[in-house]
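See below for data-v8.csv, which holds CSV, C-alpha atoms.
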```csv
chain,number,residue,atom,x,y,z
U,85,MET,CA,104.8,79.4,131.8
U,86,PHE,CA,105.4,83.0,132.5
U,87,TRP,CA,105.8,82.3,136.3
U,88,GLY,CA,108.7,79.9,135.4
U,89,THR,CA,110.5,82.7,133.5
U,90,GLU,CA,110.1,85.1,136.5
U,91,ALA,CA,111.5,82.4,138.9
U,92,SER,CA,114.5,81.7,136.7
U,93,LEU,CA,115.3,85.4,136.4
U,94,ILE,CA,115.3,85.7,140.2
U,95,MET,CA,117.5,82.7,140.6
U,96,ILE,CA,120.0,84.0,138.0
U,97,LEU,CA,120.1,87.5,139.7
U,98,ILE,CA,120.7,85.9,143.1
U,99,PHE,CA,123.4,83.7,141.6
U,100,LEU,CA,125.2,86.7,140.0
U,101,LEU,CA,124.9,88.7,143.1
U,102,SER,CA,126.5,86.0,145.2
U,103,LEU,CA,129.4,86.0,142.7
U,104,SER,CA,129.9,89.7,143.1
U,105,ARG,CA,129.9,89.4,146.9
U,106,SER,CA,132.2,86.4,147.0
U,107,ARG,CA,135.7,86.9,148.3
U,108,MET,CA,136.9,84.3,145.9
U,109,VAL,CA,138.8,85.8,143.0
U,110,LEU,CA,137.9,84.2,139.7
U,111,SER,CA,139.9,84.2,136.6
U,112,ARG,CA,138.5,85.9,133.6
U,113,THR,CA,137.9,82.5,132.0
U,114,ALA,CA,136.0,81.2,135.0
U,115,ALA,CA,133.9,84.4,135.2
U,116,GLY,CA,133.1,84.1,131.5
U,117,LEU,CA,132.0,80.5,132.0
U,118,GLN,CA,129.7,81.5,134.9
U,119,ILE,CA,128.1,84.2,132.8
U,120,CYS,CA,127.5,81.8,129.9
U,121,PHE,CA,126.0,79.3,132.2
U,122,ALA,CA,123.6,82.0,133.5
U,123,LEU,CA,122.6,83.0,130.0
U,124,MET,CA,121.9,79.3,129.2
U,125,LEU,CA,119.6,79.1,132.2
U,126,LEU,CA,117.7,82.2,130.9
U,127,LEU,CA,117.3,80.8,127.4
U,128,LEU,CA,116.1,77.4,128.6
U,129,SER,CA,113.6,79.0,130.9
U,130,SER,CA,112.0,81.2,128.2
U,131,GLY,CA,110.6,78.5,125.9
U,132,PRO,CA,107.7,78.7,123.5
U,133,GLY,CA,105.2,78.4,126.3
U,134,THR,CA,105.8,81.9,127.6
U,135,ALA,CA,103.4,83.6,125.2
U,136,SER,CA,100.8,85.7,127.0
U,137,SER,CA,97.9,84.3,125.0
U,138,ILE,CA,97.1,81.0,123.3
U,139,VAL,CA,94.6,82.7,120.9
U,140,ASN,CA,96.1,84.3,117.8
U,141,MET,CA,93.5,86.5,116.0
U,142,ARG,CA,94.2,87.3,112.3
U,143,ARG,CA,93.5,90.9,113.1
U,144,ILE,CA,93.6,93.5,110.3
U,145,THR,CA,92.1,96.9,109.9
U,146,HIS,CA,88.9,95.9,108.2
U,147,PRO,CA,87.3,98.3,105.7
U,148,THR,CA,83.7,99.1,106.3
U,149,VAL,CA,81.5,96.4,104.8
U,150,GLN,CA,78.8,98.2,102.7
U,151,GLN,CA,75.7,96.4,101.6
U,152,MET,CA,72.2,97.4,100.4
U,153,LEU,CA,69.0,97.2,102.5
U,154,ALA,CA,67.6,93.6,102.5
U,155,GLY,CA,70.9,92.3,101.2
U,156,LYS,CA,73.5,90.1,102.8
U,157,ALA,CA,76.8,90.9,104.6
U,158,VAL,CA,79.8,88.7,105.5
U,159,LEU,CA,81.8,89.8,108.5
U,160,PRO,CA,85.2,88.0,108.6
U,161,CYS,CA,86.7,86.6,111.8
U,162,VAL,CA,89.3,83.8,111.7
U,163,PHE,CA,91.8,82.8,114.4
U,164,THR,CA,94.3,80.1,115.4
U,165,LEU,CA,95.1,78.4,118.7
U,166,ARG,CA,98.4,77.2,120.0
U,167,THR,CA,98.9,73.5,119.8
U,168,SER,CA,99.8,73.3,123.5
U,169,SER,CA,96.5,74.9,124.5
U,170,SER,CA,93.7,73.3,126.3
U,171,VAL,CA,91.4,70.9,124.4
U,172,GLN,CA,88.3,72.9,125.5
U,173,PRO,CA,86.5,74.6,122.6
U,174,PRO,CA,86.8,78.4,122.3
U,175,HIS,CA,83.9,80.5,123.3
U,176,LEU,CA,82.8,82.8,120.4
U,177,LEU,CA,80.9,86.0,121.0
U,178,TRP,CA,79.7,88.5,118.3
U,179,THR,CA,78.4,91.9,119.6
U,180,HIS,CA,76.9,94.9,117.8
U,181,THR,CA,77.5,98.5,118.9
U,182,LYS,CA,75.2,101.2,117.5
U,183,PRO,CA,75.9,105.0,117.5
U,184,PRO,CA,74.0,106.7,120.4
U,185,ALA,CA,70.6,108.2,119.6
U,186,ARG,CA,71.8,111.5,121.0
U,187,GLU,CA,75.3,112.8,121.2
U,188,TYR,CA,75.4,112.8,125.0
U,189,ASP,CA,74.3,109.1,125.2
U,190,ALA,CA,76.6,106.2,125.6
U,191,PRO,CA,76.9,103.8,122.6
U,192,LEU,CA,74.6,100.7,122.9
U,193,GLU,CA,76.3,97.3,122.7
U,194,GLN,CA,74.2,94.1,122.4
U,195,ILE,CA,75.1,90.5,121.9
U,196,VAL,CA,74.3,89.2,118.5
U,197,LEU,CA,75.5,85.6,118.7
U,198,SER,CA,77.2,83.3,121.2
U,199,ALA,CA,78.8,79.9,120.2
U,200,ASN,CA,80.4,77.4,122.6
U,201,GLY,CA,81.1,74.1,120.9
U,202,ASP,CA,77.8,72.8,119.3
U,203,VAL,CA,75.7,75.3,121.4
U,204,ILE,CA,74.8,78.4,119.4
U,205,LYS,CA,72.5,81.1,120.8
U,206,VAL,CA,71.2,84.1,118.7
U,207,ASN,CA,69.7,87.4,119.9
U,208,LYS,CA,66.0,87.6,119.1
U,209,ALA,CA,66.5,90.7,117.0
U,210,PHE,CA,68.8,88.7,114.6
U,211,SER,CA,66.9,85.4,114.8
U,212,GLY,CA,66.8,83.6,111.4
U,213,ARG,CA,69.2,86.2,109.9
U,214,VAL,CA,72.7,85.3,111.2
U,215,THR,CA,74.8,82.2,110.6
U,216,LEU,CA,78.4,81.1,111.0
U,217,PRO,CA,78.9,79.5,107.6
U,218,GLY,CA,82.3,78.1,108.2
U,219,TYR,CA,82.0,77.1,111.9
U,220,SER,CA,80.7,73.6,111.4
U,221,ALA,CA,83.8,72.7,109.3
U,222,SER,CA,86.2,74.6,111.6
U,223,ARG,CA,85.8,75.9,115.1
U,224,LEU,CA,88.5,78.4,114.2
U,225,ASN,CA,86.3,80.1,111.6
U,226,ALA,CA,84.0,82.6,113.4
U,227,THR,CA,83.0,84.5,110.2
U,228,MET,CA,79.4,85.7,110.5
U,229,GLU,CA,76.8,86.2,107.8
U,230,ILE,CA,73.8,88.5,108.2
U,231,SER,CA,71.0,88.4,105.7
U,232,SER,CA,67.8,90.5,105.2
U,233,LEU,CA,69.8,93.5,106.3
U,234,ARG,CA,68.0,96.4,107.9
U,235,THR,CA,69.1,100.0,108.3
U,236,ASN,CA,69.5,99.6,112.1
U,237,ASP,CA,72.0,96.7,111.5
U,238,SER,CA,74.6,99.4,110.7
U,239,GLY,CA,77.2,99.9,113.3
U,240,THR,CA,80.4,98.3,114.7
U,241,TYR,CA,80.6,94.5,115.2
U,242,HIS,CA,83.1,92.8,117.5
U,243,CYS,CA,84.2,89.2,117.2
U,244,GLN,CA,85.5,88.0,120.6
U,245,VAL,CA,87.2,84.7,121.2
U,246,VAL,CA,87.7,83.4,124.8
U,247,VAL,CA,89.7,80.3,125.7
U,248,GLY,CA,90.0,79.9,129.5
U,249,SER,CA,91.6,83.2,130.7
U,250,ASP,CA,92.8,84.2,127.3
U,251,TYR,CA,90.9,86.7,125.2
U,252,GLU,CA,91.1,88.3,121.7
U,253,ARG,CA,88.8,90.7,120.0
U,254,ASP,CA,88.5,92.0,116.4
U,255,THR,CA,86.3,94.8,114.9
U,256,VAL,CA,84.4,94.9,111.7
U,257,PRO,CA,82.2,98.0,110.7
U,258,LEU,CA,79.0,97.6,108.7
U,259,LEU,CA,77.0,100.2,106.8
U,260,VAL,CA,73.6,99.3,105.4
U,261,SER,CA,72.5,101.8,102.7
U,262,GLY,CA,69.4,102.4,100.7
U,263,VAL,CA,65.9,103.5,101.7
U,264,VAL,CA,62.3,102.7,100.9
U,265,PHE,CA,59.8,105.5,100.4
U,266,HIS,CA,56.1,105.8,99.5
U,267,TYR,CA,55.1,107.8,96.5
U,268,GLN,CA,51.7,108.9,95.2
U,269,ALA,CA,50.7,111.1,92.2
U,270,PRO,CA,50.6,114.8,93.2
U,271,ASN,CA,47.3,115.5,95.0
U,272,VAL,CA,45.7,112.2,93.9
U,273,ARG,CA,45.7,108.9,95.7
U,274,TYR,CA,45.8,105.6,93.9
U,275,ALA,CA,46.3,107.0,90.4
U,276,LEU,CA,49.3,104.9,89.1
U,277,SER,CA,49.2,101.7,87.0
U,278,PHE,CA,52.1,99.3,87.3
U,279,THR,CA,53.9,100.9,84.4
U,280,GLU,CA,53.3,104.4,85.6
U,281,ALA,CA,54.5,103.4,89.1
U,282,GLN,CA,57.8,102.1,87.5
U,283,ARG,CA,58.2,105.4,85.7
U,284,ALA,CA,57.5,107.5,88.8
U,285,CYS,CA,60.2,105.7,90.8
U,286,GLN,CA,62.7,106.2,87.9
U,287,GLU,CA,61.9,109.9,87.8
U,288,ASN,CA,62.8,110.1,91.4
U,289,SER,CA,66.2,108.5,90.9
U,290,ALA,CA,65.0,105.2,92.3
U,291,GLN,CA,63.5,101.9,91.4
U,292,MET,CA,60.4,100.0,92.6
U,293,ALA,CA,61.0,98.3,96.0
U,294,SER,CA,61.1,94.6,96.4
U,295,PRO,CA,59.0,92.8,99.0
U,296,ALA,CA,62.2,92.0,101.0
U,297,GLN,CA,63.1,95.7,101.0
U,298,LEU,CA,59.6,96.7,102.2
U,299,TRP,CA,59.9,94.1,105.0
U,300,ALA,CA,63.3,95.5,106.0
U,301,ALA,CA,61.8,99.0,106.0
U,302,TYR,CA,58.9,97.8,108.2
U,303,HIS,CA,61.4,96.4,110.7
U,304,ASP,CA,63.2,99.8,110.6
U,305,GLY,CA,59.8,101.5,111.5
U,306,LEU,CA,58.2,102.4,108.2
U,307,ALA,CA,54.4,102.8,108.6
U,308,SER,CA,52.0,103.8,105.8
U,309,CYS,CA,48.4,103.0,105.4
U,310,SER,CA,48.6,103.3,101.6
U,311,ALA,CA,48.6,100.4,99.2
U,312,GLY,CA,51.5,100.6,96.8
U,313,TRP,CA,53.0,98.6,93.9
U,314,LEU,CA,56.1,96.6,94.4
U,315,ALA,CA,58.6,95.3,91.8
U,316,ASP,CA,57.0,91.8,91.7
U,317,GLN,CA,53.6,93.4,90.7
U,318,THR,CA,52.1,92.7,94.1
U,319,VAL,CA,50.5,95.5,96.2
U,320,ARG,CA,51.4,95.9,99.8
U,321,TYR,CA,51.8,98.4,102.7
U,322,SER,CA,53.4,98.4,106.1
U,323,VAL,CA,51.5,98.7,109.4
U,324,GLN,CA,53.1,99.4,112.8
U,325,LEU,CA,50.0,100.4,114.9
U,326,PRO,CA,46.2,100.0,114.4
U,327,GLU,CA,44.7,103.0,112.7
U,328,LEU,CA,41.1,103.9,112.1
U,329,GLY,CA,40.1,103.8,108.5
U,330,CYS,CA,43.1,101.5,107.6
U,331,TYR,CA,41.9,98.1,106.4
U,332,GLY,CA,42.3,95.4,109.0
U,333,HIS,CA,42.7,97.7,112.1
U,334,LYS,CA,40.0,95.8,114.0
U,335,GLU,CA,41.9,92.5,113.7
U,336,TYR,CA,45.1,94.4,114.0
U,337,SER,CA,48.5,92.7,113.8
U,338,ALA,CA,51.7,94.5,112.9
U,339,GLY,CA,53.4,93.6,109.6
U,340,VAL,CA,53.1,94.1,105.9
U,341,ARG,CA,49.6,93.8,104.4
U,342,ASN,CA,49.6,91.9,101.1
U,343,TYR,CA,46.9,92.3,98.4
U,344,GLY,CA,48.7,89.7,96.2
U,345,LYS,CA,49.6,90.0,92.5
U,346,ARG,CA,47.3,92.5,90.8
U,347,ASP,CA,46.2,93.4,87.3
U,348,PRO,CA,48.9,95.9,86.0
U,349,LYS,CA,46.1,98.3,84.9
U,350,GLU,CA,44.8,98.7,88.4
U,351,MET,CA,45.5,102.0,90.2
U,352,PHE,CA,47.6,102.2,93.4
U,353,ASP,CA,50.5,104.2,94.8
U,354,VAL,CA,54.0,102.8,94.7
U,355,TYR,CA,56.9,102.0,97.1
U,356,CYS,CA,60.3,103.0,95.7
U,357,PHE,CA,63.8,102.1,96.7
U,358,ALA,CA,66.7,104.6,96.4
U,359,GLU,CA,70.3,103.3,96.9
U,360,GLU,CA,71.3,106.7,98.2
U,361,LEU,CA,70.0,110.2,98.7
U,362,ASP,CA,72.0,113.0,97.0
U,363,GLY,CA,72.6,114.7,100.3
U,364,THR,CA,73.5,113.8,103.8
U,365,TYR,CA,72.0,114.0,107.3
U,366,THR,CA,73.9,114.3,110.5
U,367,HIS,CA,73.2,113.4,114.1
U,368,THR,CA,72.2,117.0,114.7
U,369,HIS,CA,69.2,116.2,112.4
U,370,GLU,CA,70.1,118.7,109.7
U,371,ILE,CA,69.3,117.7,106.2
U,372,HIS,CA,71.5,118.9,103.4
U,373,LEU,CA,70.0,118.5,99.9
U,374,ASN,CA,71.0,119.1,96.4
U,375,LEU,CA,68.2,121.4,95.3
U,376,SER,CA,68.7,120.9,91.6
U,377,GLN,CA,65.8,118.4,91.8
U,378,PRO,CA,63.7,119.9,94.6
U,379,LEU,CA,60.5,118.0,93.9
U,380,ALA,CA,62.2,114.6,93.8
U,381,PHE,CA,64.0,115.2,97.1
U,382,ILE,CA,60.9,116.5,98.9
U,383,ARG,CA,59.2,113.3,98.0
U,384,MET,CA,62.2,111.3,99.1
U,385,LEU,CA,62.2,113.0,102.5
U,386,ALA,CA,59.6,110.4,103.4
U,387,SER,CA,62.3,107.8,103.2
U,388,TYR,CA,64.2,109.5,105.9
U,389,SER,CA,61.2,110.4,108.1
U,390,VAL,CA,61.5,107.3,110.2
U,391,ALA,CA,65.3,107.1,110.3
U,392,ILE,CA,65.8,110.8,111.3
U,393,LEU,CA,62.8,111.4,113.4
U,394,LYS,CA,63.1,108.1,115.2
U,395,ARG,CA,66.6,109.1,116.3
U,396,CYS,CA,65.4,112.5,117.1
U,397,CYS,CA,62.6,111.7,119.6
U,398,GLY,CA,61.4,108.2,119.2
U,399,ASP,CA,57.8,109.5,119.2
U,400,LYS,CA,55.7,107.8,116.4
U,401,SER,CA,53.1,110.6,116.6
U,402,PHE,CA,55.8,112.9,115.3
U,403,TYR,CA,56.1,110.8,112.2
U,404,LYS,CA,52.3,111.3,111.5
U,405,THR,CA,52.8,115.1,111.9
U,406,PHE,CA,55.6,114.9,109.4
U,407,PHE,CA,53.5,113.1,106.8
U,408,LEU,CA,50.4,115.3,107.4
U,409,PHE,CA,52.4,118.5,106.6
U,410,SER,CA,54.6,117.2,103.8
U,411,PRO,CA,53.1,118.7,100.7
U,412,SER,CA,54.3,116.1,98.2
U,413,VAL,CA,54.2,112.9,100.2
U,414,ASN,CA,50.8,112.8,102.0
U,415,SER,CA,50.1,109.1,102.7
U,416,LYS,CA,47.5,109.7,105.3
U,417,ASN,CA,44.4,110.2,103.2
U,418,ARG,CA,42.5,107.4,104.8
U,419,GLN,CA,40.3,104.8,103.0
```

As structure tokens, the full file:
Amino acid sequence: MFWGTEASLIMILIFLLSLSRSRMVLSRTAAGLQICFALMLLLLSSGPGTASSIVNMRRITHPTVQQMLAGKAVLPCVFTLRTSSSVQPPHLLWTHTKPPAREYDAPLEQIVLSANGDVIKVNKAFSGRVTLPGYSASRLNATMEISSLRTNDSGTYHCQVVVGSDYERDTVPLLVSGVVFHYQAPNVRYALSFTEAQRACQENSAQMASPAQLWAAYHDGLASCSAGWLADQTVRYSVQLPELGCYGHKEYSAGVRNYGKRDPKEMFDVYCFAEELDGTYTHTHEIHLNLSQPLAFIRMLASYSVAILKRCCGDKSFYKTFFLFSPSVNSKNRQ
């Protein structure tokens, strides 16, 4: 152990000091033998057990893991233990740090998953979505998989391994891209057949959203009391709060309303999915757009209304104000 090394060094220093103070005159050969003996003691005392940690993390600089909304991400974390270590199982901990909502706020870190032997606990926000695919085969494989990705899953993930008093930590960044937005024909509600809805999304540099993508958008805060086509030919919409004039508000429950599979000739709006917006937004809430396609981007602003405005003030009434005054994406004409 490290204490043994310290004690040996002290003994050697005392031994050499006694030699220097001794009145005995040693020959060069005898002095050389004494020094060799002291070095041998030092080498013997510093064996393989002097390492400061029994956990060896295969730490590298991980590139940002990039996946689409409603997709799946694999966050690597593999480590080894010294053979002389305790037989107790390592305690694994995955945490997630999100950027602060405002620049002057501190980053928010939350526990995602905790594993200690056969006992695995998962944060409610990630329940049913995170697994350790290699953990049952090897307790040294802490790689985590996240499915049904949401925009707010983006951030920095930390894999932490604790064995007794020894501790190691690795970092993996994750970026979830893509956005769901509601589209209706200009100035007319429920005027798109299934084929026309497909074309409308394509004209806005997008494709029809899948049910999984609409659910992911719902968990990110999307709310729209407007029934729209999805890629599987079903018609659905996302509800966050009960709203007068919105079907089902009396027996309200948050979630995604589903009208089921419909005749492709029926008329509804549509929910589109864009992999990326040709522009950026910053934490100062400025929006930078390529105005070569102004109408398309005005419509796609709806996709960022929740993400941007939620970070801005967290006031859902502000989202309604945005939709009411957006000239091309007015989803609040009630039934």

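Candidate residues U:Lys156, U:Gly305, U:Gly344, U:Ala338 were compared for distance to U:Thr318, and the nearest is U:Gly344, using only C-alpha atoms.
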
- [ ] Tell me, as an MDAnalysis selection string, which residues lie within 8 Å of U:His180, counting only C-alpha atoms; anything in the same chain fewer than 4 positions away does not count.
- [x] chainID U and resid 193:196 239:242

Task: Proximity to U:Glu280 - best of U:Met351, U:Leu216, U:Leu325, U:Val264, all atoms listed in the file - done: U:Met351

TODO: Please indicate the distance in Å from atom CA of U:Ala199 to atom CA of U:Pro183, rounded to one decimal place.
DONE: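 Computing it gives 25.4 Å between the two atoms.
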
Task: atom CA of U:Leu224 to atom CA of U:Gly201, distance in Å rounded to a single decimal - done: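 Separating atom CA of U:Leu224 from atom CA of U:Gly201 is a distance of 10.9 Å.
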
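Relative to atom CA of U:Ser231, atom CA of U:Ser294 is found at 14.9 Å.
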
TODO: Please provide the set of residues having any atom within 12 Å of U:Phe210, restricted to only C-alpha atoms, with same-chain residues fewer than 6 positions apart removed, written as a PyMOL selection string.
DONE: chain U and resi 178-180+194-198+228-234+236-237+303

- [ ] Return the single residue from U:Ala226, U:Ala281, U:Ala307, U:Met292 that is closest to U:Val162, with distances computed using only C-alpha atoms.
- [x]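 Going through U:Ala226, U:Ala281, U:Ala307, U:Met292 one by one, the smallest distance to U:Val162 is for U:Ala226.
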